[in-house]
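S.K.: Below you'll find structure13.tsv; it's TSV, C-alpha atoms.
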```tsv
chain	number	residue	atom	x	y	z
A	1	MET	CA	0.00	0.00	0.00
A	2	SER	CA	2.75	2.39	0.95
A	3	THR	CA	4.73	1.67	-2.24
A	4	ARG	CA	1.62	2.30	-4.31
A	5	SER	CA	1.03	5.67	-2.71
A	6	LYS	CA	4.70	6.45	-3.25
A	7	HIS	CA	4.37	5.67	-6.96
A	8	PHE	CA	1.29	7.85	-7.10
A	9	ARG	CA	3.16	10.72	-5.47
A	10	ASP	CA	6.09	10.32	-7.90
A	11	GLY	CA	3.70	10.39	-10.81
A	12	LEU	CA	2.06	13.53	-9.49
A	13	ARG	CA	5.45	15.18	-9.03
A	14	LEU	CA	6.30	14.38	-12.66
A	15	LEU	CA	2.96	15.80	-13.78
A	16	PHE	CA	3.76	19.12	-12.10
A	17	TRP	CA	6.87	19.36	-14.29
A	18	LEU	CA	4.81	19.04	-17.47
A	19	PRO	CA	3.78	22.74	-17.72
A	20	PRO	CA	7.36	24.03	-17.29
A	21	ALA	CA	8.55	21.53	-19.90
A	22	LEU	CA	5.84	22.60	-22.36
A	23	PHE	CA	6.69	26.25	-21.71
A	24	PHE	CA	10.33	25.50	-22.53
A	25	THR	CA	9.55	23.75	-25.81
A	26	ARG	CA	7.12	26.47	-26.86
A	27	HIS	CA	9.01	29.59	-25.92
A	28	VAL	CA	12.70	28.73	-25.53
A	29	TYR	CA	14.00	25.82	-27.60
A	30	SER	CA	12.66	22.68	-29.17
A	31	VAL	CA	13.56	20.08	-31.78
A	32	ALA	CA	11.75	19.19	-35.00
A	33	SER	CA	12.19	17.13	-38.13
A	34	VAL	CA	11.98	18.67	-41.60
A	35	SER	CA	10.19	16.82	-44.38
A	36	GLY	CA	9.95	17.70	-48.04
A	37	ALA	CA	12.29	19.11	-50.66
A	38	SER	CA	11.52	22.83	-50.56
A	39	MET	CA	14.67	23.73	-48.61
A	40	GLN	CA	17.12	21.70	-50.72
A	41	PRO	CA	20.13	21.70	-50.56
A	42	THR	CA	20.11	23.11	-47.00
A	43	PHE	CA	17.76	20.41	-45.65
A	44	ASN	CA	17.07	16.92	-47.04
A	45	PRO	CA	19.60	17.21	-49.91
A	46	GLY	CA	19.03	13.58	-50.80
A	47	HIS	CA	15.26	13.83	-50.92
A	48	ALA	CA	14.94	12.27	-54.38
A	49	SER	CA	16.87	9.13	-53.44
A	50	ALA	CA	15.67	8.86	-49.82
A	51	PRO	CA	12.25	10.52	-49.56
A	52	LEU	CA	11.60	9.11	-46.10
A	53	HIS	CA	14.71	10.66	-44.57
A	54	HIS	CA	13.99	13.66	-42.34
A	55	ASP	CA	16.63	16.08	-41.15
A	56	VAL	CA	16.37	16.98	-37.46
A	57	VAL	CA	16.82	20.64	-36.55
A	58	LEU	CA	16.89	22.85	-33.48
A	59	LEU	CA	14.07	25.40	-33.21
A	60	ASP	CA	14.87	28.70	-31.53
A	61	ARG	CA	11.58	30.03	-30.16
A	62	TRP	CA	12.63	32.99	-28.04
A	63	SER	CA	13.85	34.95	-31.08
A	64	VAL	CA	10.24	34.92	-32.26
A	65	ALA	CA	8.98	36.27	-28.95
A	66	LEU	CA	11.64	39.00	-29.08
A	67	ASN	CA	11.01	39.63	-32.78
A	68	LEU	CA	14.64	39.22	-33.88
A	69	TYR	CA	14.81	38.46	-37.59
A	70	LYS	CA	17.60	38.91	-40.15
A	71	ARG	CA	17.58	38.50	-43.90
A	72	GLY	CA	18.88	35.01	-44.60
A	73	ASP	CA	17.44	33.39	-41.46
A	74	VAL	CA	15.73	30.07	-41.94
A	75	VAL	CA	12.36	30.05	-40.15
A	76	THR	CA	9.38	27.79	-39.67
A	77	LEU	CA	6.03	29.41	-40.38
A	78	TRP	CA	2.40	28.44	-40.84
A	79	SER	CA	1.50	28.36	-44.49
A	80	PRO	CA	-0.72	31.41	-45.14
A	81	GLN	CA	-2.86	29.24	-47.40
A	82	ASN	CA	-3.26	26.33	-45.00
A	83	PRO	CA	-3.41	26.82	-41.21
A	84	LYS	CA	-2.62	23.12	-40.66
A	85	LEU	CA	0.66	23.16	-42.57
A	86	LEU	CA	3.95	24.20	-40.96
A	87	THR	CA	6.57	25.09	-43.56
A	88	THR	CA	10.30	25.87	-43.53
A	89	LYS	CA	11.49	28.85	-45.55
A	90	ARG	CA	14.25	31.43	-45.71
A	91	ILE	CA	13.64	35.14	-45.05
A	92	ILE	CA	14.72	37.05	-48.15
A	93	ALA	CA	13.51	40.54	-47.30
A	94	LEU	CA	12.09	42.43	-44.34
A	95	GLU	CA	9.64	45.31	-44.07
A	96	GLY	CA	10.39	48.30	-46.26
A	97	ASP	CA	12.63	46.34	-48.66
A	98	LEU	CA	12.00	46.30	-52.39
A	99	VAL	CA	11.96	42.80	-53.88
A	100	HIS	CA	11.99	41.69	-57.50
A	101	PRO	CA	9.84	38.57	-57.37
A	102	LEU	CA	10.41	35.43	-59.44
A	103	PRO	CA	7.74	33.64	-61.45
A	104	PRO	CA	4.87	32.79	-60.95
A	105	SER	CA	4.59	36.26	-59.40
A	106	PRO	CA	4.22	39.22	-61.81
A	107	PRO	CA	7.66	40.82	-62.38
A	108	THR	CA	6.79	44.20	-60.86
A	109	PRO	CA	8.88	45.04	-57.75
A	110	VAL	CA	7.11	44.58	-54.42
A	111	ARG	CA	7.55	46.84	-51.41
A	112	ILE	CA	7.31	44.74	-48.22
A	113	PRO	CA	4.60	46.21	-45.94
A	114	PRO	CA	5.22	46.86	-42.20
A	115	GLY	CA	5.26	43.69	-40.13
A	116	HIS	CA	5.70	41.48	-43.18
A	117	CYS	CA	8.59	39.61	-44.78
A	118	TRP	CA	9.38	37.85	-48.04
A	119	VAL	CA	10.11	34.14	-47.65
A	120	GLU	CA	11.42	31.67	-50.22
A	121	GLY	CA	12.47	28.04	-50.23
A	122	ASP	CA	16.05	27.35	-51.24
A	123	SER	CA	14.85	25.13	-54.05
A	124	HIS	CA	12.68	27.17	-56.38
A	125	TYR	CA	11.24	24.19	-58.20
A	126	HIS	CA	9.96	22.42	-55.10
A	127	SER	CA	8.78	25.42	-53.15
A	128	ARG	CA	5.55	27.30	-52.81
A	129	ASP	CA	6.64	30.57	-51.25
A	130	SER	CA	6.21	34.34	-51.35
A	131	ASN	CA	6.50	34.20	-55.12
A	132	THR	CA	3.10	32.50	-54.99
A	133	TYR	CA	1.37	34.10	-52.03
A	134	GLY	CA	3.17	37.43	-51.63
A	135	PRO	CA	4.67	38.93	-48.47
A	136	VAL	CA	3.66	37.11	-45.28
A	137	PRO	CA	2.97	38.62	-41.84
A	138	LEU	CA	5.75	38.00	-39.30
A	139	GLY	CA	3.00	36.72	-36.98
A	140	LEU	CA	2.95	33.45	-38.94
A	141	ILE	CA	6.54	32.63	-37.97
A	142	THR	CA	6.78	30.07	-35.16
A	143	ALA	CA	10.54	29.55	-34.82
A	144	LYS	CA	13.98	30.27	-36.18
A	145	VAL	CA	16.14	27.33	-37.32
A	146	PRO	CA	19.71	28.04	-36.20
A	147	TYR	CA	21.18	24.50	-36.08
A	148	LEU	CA	21.03	21.23	-37.92
A	149	LEU	CA	21.28	18.37	-35.40
A	150	TRP	CA	20.91	15.19	-37.45
A	151	PRO	CA	22.42	13.53	-39.48
A	152	MET	CA	25.70	13.80	-37.57
A	153	LYS	CA	27.66	14.28	-40.83
A	154	ARG	CA	26.12	17.68	-41.49
A	155	PHE	CA	25.76	18.81	-37.85
A	156	GLY	CA	26.34	22.55	-37.51
A	157	PRO	CA	24.84	26.01	-37.84
A	158	VAL	CA	22.48	26.61	-40.75
A	159	ASP	CA	24.17	28.95	-43.26
A	160	ILE	CA	22.57	32.27	-44.14
A	161	GLY	CA	22.16	31.38	-47.81
A	162	PRO	CA	23.29	33.08	-51.00
A	163	GLU	CA	23.40	36.84	-51.28
A	164	GLN	CA	20.31	37.99	-53.19
A	165	LYS	CA	22.29	40.29	-55.45
A	166	GLY	CA	20.24	42.86	-57.29
A	167	ARG	CA	16.97	41.28	-56.28
A	168	VAL	CA	16.47	42.95	-52.91
A	169	ARG	CA	16.97	46.60	-52.17
A	170	LYS	CA	17.47	46.79	-48.42
A	171	ILE	CA	16.19	49.55	-46.21
A	172	LYS	CA	18.11	50.07	-42.99
A	173	GLN	CA	15.93	49.79	-39.95
A	174	LYS	CA	17.11	50.08	-36.42
A	175	ALA	CA	14.46	47.78	-35.00
A	176	LEU	CA	14.86	44.96	-37.49
A	177	ASP	CA	18.37	45.28	-38.86
A	178	VAL	CA	20.19	43.83	-35.85
B	1	MET	CA	27.65	34.02	10.76
B	2	ALA	CA	24.39	33.27	12.42
B	3	PHE	CA	22.65	34.86	9.45
B	4	ALA	CA	24.54	32.67	6.98
B	5	ASN	CA	23.61	29.60	8.97
B	6	GLN	CA	20.01	30.65	8.92
B	7	ILE	CA	20.09	31.02	5.13
B	8	ARG	CA	21.68	27.60	4.81
B	9	ALA	CA	19.01	26.10	7.02
B	10	TYR	CA	16.21	27.59	4.91
B	11	ALA	CA	17.81	26.92	1.50
B	12	PRO	CA	15.71	23.83	0.70
B	13	LEU	CA	12.59	25.81	1.51
B	14	TYR	CA	13.59	28.65	-0.85
B	15	ARG	CA	14.37	26.20	-3.59
B	16	ARG	CA	11.08	24.42	-3.08
B	17	SER	CA	9.06	27.64	-3.22
B	18	ALA	CA	10.91	28.78	-6.35
B	19	ILE	CA	10.06	25.49	-8.05
B	20	VAL	CA	6.41	25.66	-7.01
B	21	THR	CA	6.18	29.24	-8.27
B	22	LEU	CA	7.65	28.20	-11.62
B	23	GLN	CA	5.20	25.30	-11.89
B	24	LEU	CA	2.24	27.47	-10.96
B	25	LEU	CA	3.08	30.27	-13.40
B	26	THR	CA	3.69	27.91	-16.31
B	27	THR	CA	0.45	26.07	-15.53
B	28	LEU	CA	-1.44	29.36	-15.63
B	29	HIS	CA	0.29	30.22	-18.89
B	30	LEU	CA	-0.70	26.86	-20.34
B	31	ILE	CA	-4.34	27.38	-19.33
B	32	SER	CA	-4.44	30.89	-20.80
B	33	THR	CA	-2.88	29.86	-24.13
B	34	ASP	CA	-4.72	26.56	-24.59
B	35	LEU	CA	-8.02	26.71	-22.74
B	36	LEU	CA	-9.46	30.01	-21.59
B	37	GLU	CA	-8.22	33.49	-20.99
B	38	ILE	CA	-9.72	36.71	-19.69
B	39	ARG	CA	-8.08	39.69	-21.29
B	40	MET	CA	-8.73	43.39	-21.60
B	41	CYS	CA	-9.59	44.67	-25.06
B	42	ALA	CA	-9.14	48.40	-25.57
B	43	GLY	CA	-9.43	50.65	-28.59
B	44	VAL	CA	-12.00	52.49	-30.65
B	45	SER	CA	-12.13	50.02	-33.54
B	46	MET	CA	-14.73	47.70	-31.96
B	47	LEU	CA	-17.20	50.36	-30.77
B	48	PRO	CA	-20.08	49.91	-29.96
B	49	THR	CA	-19.56	46.22	-29.20
B	50	LEU	CA	-16.56	46.79	-26.95
B	51	SER	CA	-15.91	50.12	-25.31
B	52	HIS	CA	-12.81	52.16	-26.05
B	53	THR	CA	-11.86	52.34	-22.38
B	54	GLY	CA	-11.28	48.61	-22.28
B	55	ASP	CA	-13.62	45.69	-21.69
B	56	PHE	CA	-12.66	42.36	-20.18
B	57	VAL	CA	-13.45	39.53	-22.56
B	58	LEU	CA	-13.33	35.76	-22.34
B	59	ILE	CA	-11.16	34.26	-25.10
B	60	SER	CA	-10.63	30.65	-26.09
B	61	PRO	CA	-8.45	29.13	-28.84
B	62	ILE	CA	-10.44	25.87	-28.81
B	63	PRO	CA	-13.06	26.90	-31.44
B	64	LEU	CA	-10.22	27.77	-33.83
B	65	LYS	CA	-8.54	24.41	-33.36
B	66	PHE	CA	-11.93	22.75	-33.80
B	67	HIS	CA	-12.50	24.69	-37.01
B	68	ILE	CA	-9.07	23.87	-38.44
B	69	THR	CA	-9.25	20.15	-37.63
B	70	SER	CA	-12.95	19.57	-38.42
B	71	ALA	CA	-12.27	19.60	-42.17
B	72	GLN	CA	-9.95	16.64	-41.71
B	73	LEU	CA	-12.49	14.82	-39.56
B	74	ASN	CA	-15.28	15.29	-42.08
B	75	GLY	CA	-13.03	14.64	-45.05
B	76	THR	CA	-14.17	17.81	-46.80
B	77	PRO	CA	-11.80	20.31	-48.40
B	78	ARG	CA	-13.38	23.26	-46.69
B	79	PRO	CA	-14.15	23.33	-42.94
B	80	PRO	CA	-17.87	23.62	-42.22
B	81	THR	CA	-18.76	26.71	-40.26
B	82	SER	CA	-20.47	25.57	-37.11
B	83	GLU	CA	-21.48	27.00	-33.77
B	84	TRP	CA	-18.49	25.28	-32.15
B	85	GLY	CA	-15.99	26.56	-34.66
B	86	ILE	CA	-15.60	29.88	-36.43
B	87	ARG	CA	-18.39	31.58	-38.30
B	88	ARG	CA	-18.93	34.86	-40.06
B	89	GLY	CA	-19.81	37.41	-37.41
B	90	ASP	CA	-17.58	35.97	-34.69
B	91	VAL	CA	-15.29	38.33	-32.84
B	92	VAL	CA	-11.72	37.02	-32.79
B	93	ILE	CA	-8.30	37.90	-31.47
B	94	ALA	CA	-5.51	37.86	-34.05
B	95	THR	CA	-1.84	38.73	-34.19
B	96	SER	CA	-1.63	42.14	-35.86
B	97	PRO	CA	-0.50	41.73	-39.49
B	98	THR	CA	1.37	45.02	-39.26
B	99	ASP	CA	3.11	44.40	-35.93
B	100	PRO	CA	3.65	40.84	-34.65
B	101	SER	CA	4.10	41.98	-31.05
B	102	LYS	CA	0.52	43.31	-30.91
B	103	THR	CA	-2.85	41.62	-31.08
B	104	VAL	CA	-6.02	43.00	-32.61
B	105	CYS	CA	-9.65	42.31	-31.83
B	106	LYS	CA	-11.88	42.24	-34.93
B	107	ARG	CA	-15.00	40.65	-36.35
B	108	ILE	CA	-14.87	38.04	-39.11
B	109	LEU	CA	-16.84	39.41	-42.06
B	110	GLY	CA	-15.97	36.75	-44.61
B	111	MET	CA	-14.44	33.29	-44.82
B	112	GLU	CA	-12.45	31.68	-47.61
B	113	GLY	CA	-14.21	31.70	-50.96
B	114	ASP	CA	-16.50	34.62	-50.07
B	115	ILE	CA	-16.57	37.81	-52.11
B	116	VAL	CA	-16.49	40.95	-49.97
B	117	GLU	CA	-16.84	44.61	-50.78
B	118	VAL	CA	-13.51	46.08	-49.69
B	119	ASP	CA	-14.85	49.38	-48.40
B	120	PRO	CA	-18.50	50.38	-48.94
B	121	ALA	CA	-17.71	53.98	-47.98
B	122	ARG	CA	-14.91	54.21	-50.53
B	123	THR	CA	-17.03	52.61	-53.23
B	124	LYS	CA	-19.77	55.14	-52.56
B	125	ALA	CA	-17.34	58.05	-52.61
B	126	LYS	CA	-15.87	56.84	-55.90
B	127	ARG	CA	-19.30	56.42	-57.43
B	128	GLU	CA	-20.38	59.88	-56.34
B	129	ALA	CA	-17.20	61.41	-57.66
B	130	LYS	CA	-17.84	59.70	-60.99
B	131	GLU	CA	-21.40	61.02	-61.09
B	132	GLN	CA	-20.16	64.50	-60.34
B	133	ARG	CA	-17.62	64.25	-63.12
B	134	SER	CA	-20.26	63.20	-65.64
B	135	LYS	CA	-22.59	65.96	-64.45
B	136	ASN	CA	-19.79	68.46	-64.76
B	137	THR	CA	-19.44	67.92	-68.49
B	138	GLU	CA	-22.87	69.47	-69.15
B	139	PRO	CA	-22.37	73.05	-70.45
B	140	ASP	CA	-23.70	76.39	-69.13
B	141	LYS	CA	-24.82	75.38	-65.71
B	142	ARG	CA	-22.82	77.74	-63.59
B	143	TRP	CA	-24.42	77.09	-60.29
B	144	GLU	CA	-24.51	73.37	-60.70
B	145	GLU	CA	-20.92	73.51	-61.78
B	146	LEU	CA	-19.91	75.47	-58.73
B	147	ASP	CA	-21.87	73.08	-56.58
B	148	ALA	CA	-20.24	70.18	-58.33
B	149	ASP	CA	-16.84	71.77	-57.82
B	150	HIS	CA	-17.58	72.16	-54.17
B	151	ARG	CA	-18.75	68.58	-53.78
B	152	ARG	CA	-15.89	67.29	-55.84
B	153	GLU	CA	-13.52	69.18	-53.56
B	154	ILE	CA	-15.15	67.55	-50.53
B	155	ASN	CA	-14.92	64.19	-52.20
B	156	ARG	CA	-11.31	64.83	-53.11
B	157	VAL	CA	-10.47	65.68	-49.51
B	158	ASN	CA	-12.33	62.63	-48.26
B	159	GLN	CA	-10.68	60.45	-50.84
B	160	ALA	CA	-7.29	61.91	-49.97
B	161	GLN	CA	-7.91	60.97	-46.36
B	162	ILE	CA	-8.98	57.47	-47.33
B	163	ASP	CA	-5.96	57.10	-49.60
B	164	GLU	CA	-3.75	58.39	-46.82
B	165	ASP	CA	-5.16	55.74	-44.49
B	166	ALA	CA	-4.63	53.08	-47.10
B	167	LYS	CA	-1.08	54.25	-47.74
B	168	LEU	CA	-0.12	53.40	-44.17
B	169	VAL	CA	-0.02	49.80	-45.29
B	170	PRO	CA	0.81	49.22	-48.93
B	171	VAL	CA	-1.08	46.12	-49.85
B	172	PHE	CA	-0.09	43.17	-51.92
B	173	THR	CA	-2.59	40.36	-51.75
B	174	PRO	CA	-2.43	36.97	-53.40
B	175	ARG	CA	-5.26	37.79	-55.77
B	176	GLY	CA	-4.66	41.31	-56.90
B	177	ARG	CA	-4.45	44.57	-55.02
B	178	LEU	CA	-7.13	46.09	-52.86
B	179	ASP	CA	-7.77	48.93	-55.29
B	180	SER	CA	-10.61	46.84	-56.61
B	181	GLU	CA	-14.08	47.26	-55.14
B	182	HIS	CA	-14.57	43.59	-54.46
B	183	VAL	CA	-12.17	40.88	-53.41
B	184	ARG	CA	-12.52	37.13	-53.33
B	185	ILE	CA	-11.04	35.77	-50.11
B	186	PRO	CA	-8.38	33.17	-50.98
B	187	LYS	CA	-8.25	29.69	-49.47
B	188	GLY	CA	-7.00	29.73	-45.89
B	189	TYR	CA	-7.73	33.42	-45.32
B	190	VAL	CA	-10.47	35.39	-43.53
B	191	TRP	CA	-11.67	38.98	-43.83
B	192	LEU	CA	-11.47	40.97	-40.58
B	193	ALA	CA	-13.26	44.23	-39.85
B	194	GLY	CA	-13.79	46.46	-36.85
B	195	ASP	CA	-17.36	47.33	-35.94
B	196	ASN	CA	-16.44	51.01	-35.97
B	197	ALA	CA	-15.78	51.25	-39.71
B	198	SER	CA	-14.90	54.94	-39.58
B	199	ASN	CA	-12.00	54.37	-37.19
B	200	SER	CA	-10.56	50.93	-37.65
B	201	THR	CA	-7.44	49.57	-39.32
B	202	ASP	CA	-8.55	46.21	-40.65
B	203	SER	CA	-8.66	44.08	-43.78
B	204	ARG	CA	-9.52	47.20	-45.76
B	205	ALA	CA	-5.94	48.28	-45.08
B	206	TYR	CA	-3.98	45.04	-44.83
B	207	GLY	CA	-6.07	42.70	-46.93
B	208	PRO	CA	-7.31	39.23	-46.06
B	209	VAL	CA	-5.63	37.65	-43.03
B	210	PRO	CA	-4.31	34.05	-42.92
B	211	MET	CA	-6.30	31.76	-40.59
B	212	ALA	CA	-3.09	30.88	-38.77
B	213	MET	CA	-2.90	34.49	-37.52
B	214	LEU	CA	-6.07	34.02	-35.48
B	215	LYS	CA	-5.32	33.30	-31.83
B	216	GLY	CA	-8.73	32.89	-30.22
B	217	LYS	CA	-12.45	33.45	-30.38
B	218	VAL	CA	-14.09	35.97	-28.07
B	219	LEU	CA	-16.75	33.98	-26.24
B	220	ALA	CA	-18.17	36.60	-23.93
B	221	ARG	CA	-17.81	40.03	-22.48
B	222	VAL	CA	-17.04	39.50	-18.80
B	223	TRP	CA	-17.04	43.00	-17.43
B	224	PRO	CA	-18.76	45.46	-17.65
B	225	ASN	CA	-22.21	44.24	-18.82
B	226	PRO	CA	-21.54	40.50	-18.95
B	227	LYS	CA	-22.92	38.98	-22.13
B	228	TRP	CA	-22.36	35.89	-24.27
B	229	MET	CA	-21.12	36.67	-27.73
B	230	SER	CA	-21.96	34.51	-30.66
B	231	GLY	CA	-21.79	35.44	-34.31
B	232	ASP	CA	-25.50	35.32	-34.98
B	233	ASN	CA	-26.99	37.43	-32.24
B	234	LEU	CA	-24.27	40.07	-32.52
B	235	MET	CA	-24.82	40.48	-36.25
B	236	ARG	CA	-28.48	41.07	-35.53
B	237	GLU	CA	-27.63	43.58	-32.83
B	238	VAL	CA	-25.45	45.60	-35.17
B	239	ALA	CA	-28.15	45.54	-37.83
B	240	GLU	CA	-30.75	46.84	-35.38
B	241	THR	CA	-28.66	49.67	-34.00
B	242	SER	CA	-27.52	51.01	-37.36
```
Can you turn what I pasted into structure tokens?

M.R.:
Amino acid sequence: MSTRSKHFRDGLRLLFWLPPALFFTRHVYSVASVSGASMQPTFNPGHASAPLHHDVVLLDRWSVALNLYKRGDVVTLWSPQNPKLLTTKRIIALEGDLVHPLPPSPPTPVRIPPGHCWVEGDSHYHSRDSNTYGPVPLGLITAKVPYLLWPMKRFGPVDIGPEQKGRVRKIKQKALDV
Amino acid sequence: MAFANQIRAYAPLYRRSAIVTLQLLTTLHLISTDLLEIRMCAGVSMLPTLSHTGDFVLISPIPLKFHITSAQLNGTPRPPTSEWGIRRGDVVIATSPTDPSKTVCKRILGMEGDIVEVDPARTKAKREAKEQRSKNTEPDKRWEELDADHRREINRVNQAQIDEDAKLVPVFTPRGRLDSEHVRIPKGYVWLAGDNASNSTDSRAYGPVPMAMLKGKVLARVWPNPKWMSGDNLMREVAETS
């Protein structure tokens, strides 16, 4: 009887640690796996040969709460067209910037409105991104992806991607251009 | 020395209370983000439904989650709008599209697939201006012309103000710009509007808003004048008062 009540008390003690743990994974750091080919070659470079392989990445959540974004950051965001779908994209431009979109978007330059950003997948052929749905509100972003954790071979920080030469005219902003 | 000893003696107690505080606060946070939250809503944009001095409202994210998952459950491409989910006329809390650190409280005017009139006031002003222009081409009507000039000037000023408001947020929407009178709401988006159309920054300025930006449905006004809020009866209320 006494051992049973002890087990019960241990279980209860563990339960009380659930909310702090959830808080940590939602607002500080967590881990996720990336599926799909839209971020090739940064994530899942061998998607064609091994479609079931998923890269595992670190998600940095507190940057979202503090609103710290740079051009070139890889982020996870809810698809604006589908609230059930979490996607991984790279921030190309921030508010105020002038972007020359790629097809299928019309070729007229787009000024990014306040509180929005321009996101693109690294692989243009496998990605549905801002070139399809336009600038997205920063409020859709759920996390920044600073590190690749698995596979071991490619462990390390996620690079900031190629310079978007001539495509993005940057506007300096003290709040966003950290 | 005695003081240090005292601290050492109480150390487990301090640690214990710190842990309990952490657990309590995170539990409260979990409840407020996942179940129910009472929050103050201030601002002129939702007059007369919510006062500008700040009303306490009961918010829950559960109807949103229900709405988003119910399409999967029913196997239909578009989620059905039900009393338990999100319907046209519901008041919701959303992350502000222009500033992610702020939230806005607006009413859902249209769901995906609907066609909405972007701004009835602007459409009317445009139409009147057009009428004035056509009237103005008639010759030898001095007084009417003057009158038309006057009204055109008023319209121009009004339009300038409206344009100025619109300029605050240059809009690029998936299906064309908001210069058009009517817009079809794309899949996955909703149309938000404040009840106080003359003083509200809403979808007229920033276009349709992705569903994922919505954070909760306003279930009731808690204080002052407690009252349940559901899409239907509030739509009727607005219709009767205007």

S.K.: Set out as a Markdown table a contact list for chain B and chain A with a cut-off of 6 Å, giving each residue of chain B that qualifies its closest atom pair and distance in Å to one decimal, counting only C-alpha atoms, ordered by chain and rising residue number.

M.R.:
```
| residue | atom | partner | partner_atom | distance |
| --- | --- | --- | --- | --- |
| B:Gln23 | CA | A:Pro20 | CA | 6.0 |
| B:Thr26 | CA | A:Pro19 | CA | 5.4 |
| B:Thr27 | CA | A:Pro19 | CA | 5.2 |
| B:Thr95 | CA | A:Gly139 | CA | 5.9 |
| B:Pro97 | CA | A:Pro137 | CA | 5.2 |
| B:Thr98 | CA | A:Gly115 | CA | 4.2 |
| B:Asp99 | CA | A:Gly115 | CA | 4.8 |
| B:Pro100 | CA | A:Gly139 | CA | 4.8 |
| B:Val169 | CA | A:Pro113 | CA | 5.9 |
| B:Pro170 | CA | A:Pro113 | CA | 5.7 |
| B:Pro174 | CA | A:Tyr133 | CA | 5.0 |
| B:Lys187 | CA | A:Gln81 | CA | 5.8 |
| B:Gly188 | CA | A:Gln81 | CA | 4.4 |
| B:Pro210 | CA | A:Pro80 | CA | 5.0 |
| B:Met211 | CA | A:Pro83 | CA | 5.8 |
| B:Ala212 | CA | A:Pro83 | CA | 4.7 |
```

S.K.: Would you mind exporting C-alpha atoms of the selected residues as a tab-separated table (two decimals), keeping the file's coordinate frame?

M.R.:
```
chain	number	residue	atom	x	y	z
B	23	GLN	CA	5.20	25.30	-11.89
B	26	THR	CA	3.69	27.91	-16.31
B	27	THR	CA	0.45	26.07	-15.53
B	95	THR	CA	-1.84	38.73	-34.19
B	97	PRO	CA	-0.50	41.73	-39.49
B	98	THR	CA	1.37	45.02	-39.26
B	99	ASP	CA	3.11	44.40	-35.93
B	100	PRO	CA	3.65	40.84	-34.65
B	169	VAL	CA	-0.02	49.80	-45.29
B	170	PRO	CA	0.81	49.22	-48.93
B	174	PRO	CA	-2.43	36.97	-53.40
B	187	LYS	CA	-8.25	29.69	-49.47
B	188	GLY	CA	-7.00	29.73	-45.89
B	210	PRO	CA	-4.31	34.05	-42.92
B	211	MET	CA	-6.30	31.76	-40.59
B	212	ALA	CA	-3.09	30.88	-38.77
```

S.K.: Which residue is closest to A:Val31? Choose from A:Pro157, A:Asp55, A:Lys89, A:Pro109 and count only C-alpha atoms.

M.R.: A:Asp55

S.K.: So how many Å separate atom CA of B:Val91 and atom CA of B:Lys106, to one decimal?

M.R.: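 Computing the Euclidean distance for atom CA of B:Val91 and atom CA of B:Lys106 yields 5.6 Å.
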
S.K.: So the first atom is atom CA of B:Arg122 and the second is atom CA of B:Arg151; what is the distance between them in Å, to one decimal place?

M.R.: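 Here the two named atoms are 15.2 Å from each other.
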
S.K.: What does the distance between atom CA of B:Ile62 and atom CA of B:Leu30 come to in Å, to one decimal place?

M.R.: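 Taking atom CA of B:Ile62 and atom CA of B:Leu30, their separation equals 12.9 Å.
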
S.K.: Which residue out of B:Arg87, B:Arg184, B:Arg39, B:Lys135 has the minimum interatomic distance to B:Pro63 when only C-alpha atoms are used?

M.R.: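 For B:Pro63, the nearest of the candidates is B:Arg87.
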
S.K.: For stretch 33-41 of chain A, supply N, CA and C atoms and report the output as a PDB file, in the coordinates of the input.

M.R.:
```pdb
ATOM      1  N   SER A  33      11.633  17.741 -36.923  1.00  0.00           N
ATOM      2  CA  SER A  33      12.190  17.130 -38.130  1.00  0.00           C
ATOM      3  C   SER A  33      11.589  17.832 -39.351  1.00  0.00           C
ATOM      4  N   VAL A  34      12.408  17.981 -40.386  1.00  0.00           N
ATOM      5  CA  VAL A  34      11.980  18.670 -41.600  1.00  0.00           C
ATOM      6  C   VAL A  34      11.685  17.640 -42.673  1.00  0.00           C
ATOM      7  N   SER A  35      10.500  17.726 -43.274  1.00  0.00           N
ATOM      8  CA  SER A  35      10.190  16.820 -44.380  1.00  0.00           C
ATOM      9  C   SER A  35      10.032  17.642 -45.652  1.00  0.00           C
ATOM     10  N   GLY A  36      10.170  17.000 -46.792  1.00  0.00           N
ATOM     11  CA  GLY A  36       9.950  17.700 -48.040  1.00  0.00           C
ATOM     12  C   GLY A  36      11.221  18.259 -48.643  1.00  0.00           C
ATOM     13  N   ALA A  37      11.103  18.732 -49.889  1.00  0.00           N
ATOM     14  CA  ALA A  37      12.290  19.110 -50.660  1.00  0.00           C
ATOM     15  C   ALA A  37      12.420  20.605 -50.856  1.00  0.00           C
ATOM     16  N   SER A  38      11.546  21.410 -50.215  1.00  0.00           N
ATOM     17  CA  SER A  38      11.520  22.830 -50.560  1.00  0.00           C
ATOM     18  C   SER A  38      12.759  23.576 -50.089  1.00  0.00           C
ATOM     19  N   MET A  39      13.481  23.030 -49.100  1.00  0.00           N
ATOM     20  CA  MET A  39      14.670  23.730 -48.610  1.00  0.00           C
ATOM     21  C   MET A  39      15.956  23.075 -49.093  1.00  0.00           C
ATOM     22  N   GLN A  40      15.892  22.252 -50.138  1.00  0.00           N
ATOM     23  CA  GLN A  40      17.120  21.700 -50.720  1.00  0.00           C
ATOM     24  C   GLN A  40      17.995  22.836 -51.230  1.00  0.00           C
ATOM     25  N   PRO A  41      19.340  22.807 -51.118  1.00  0.00           N
ATOM     26  CA  PRO A  41      20.130  21.700 -50.560  1.00  0.00           C
ATOM     27  C   PRO A  41      20.422  21.866 -49.053  1.00  0.00           C
TER      28      PRO A  41
END
```
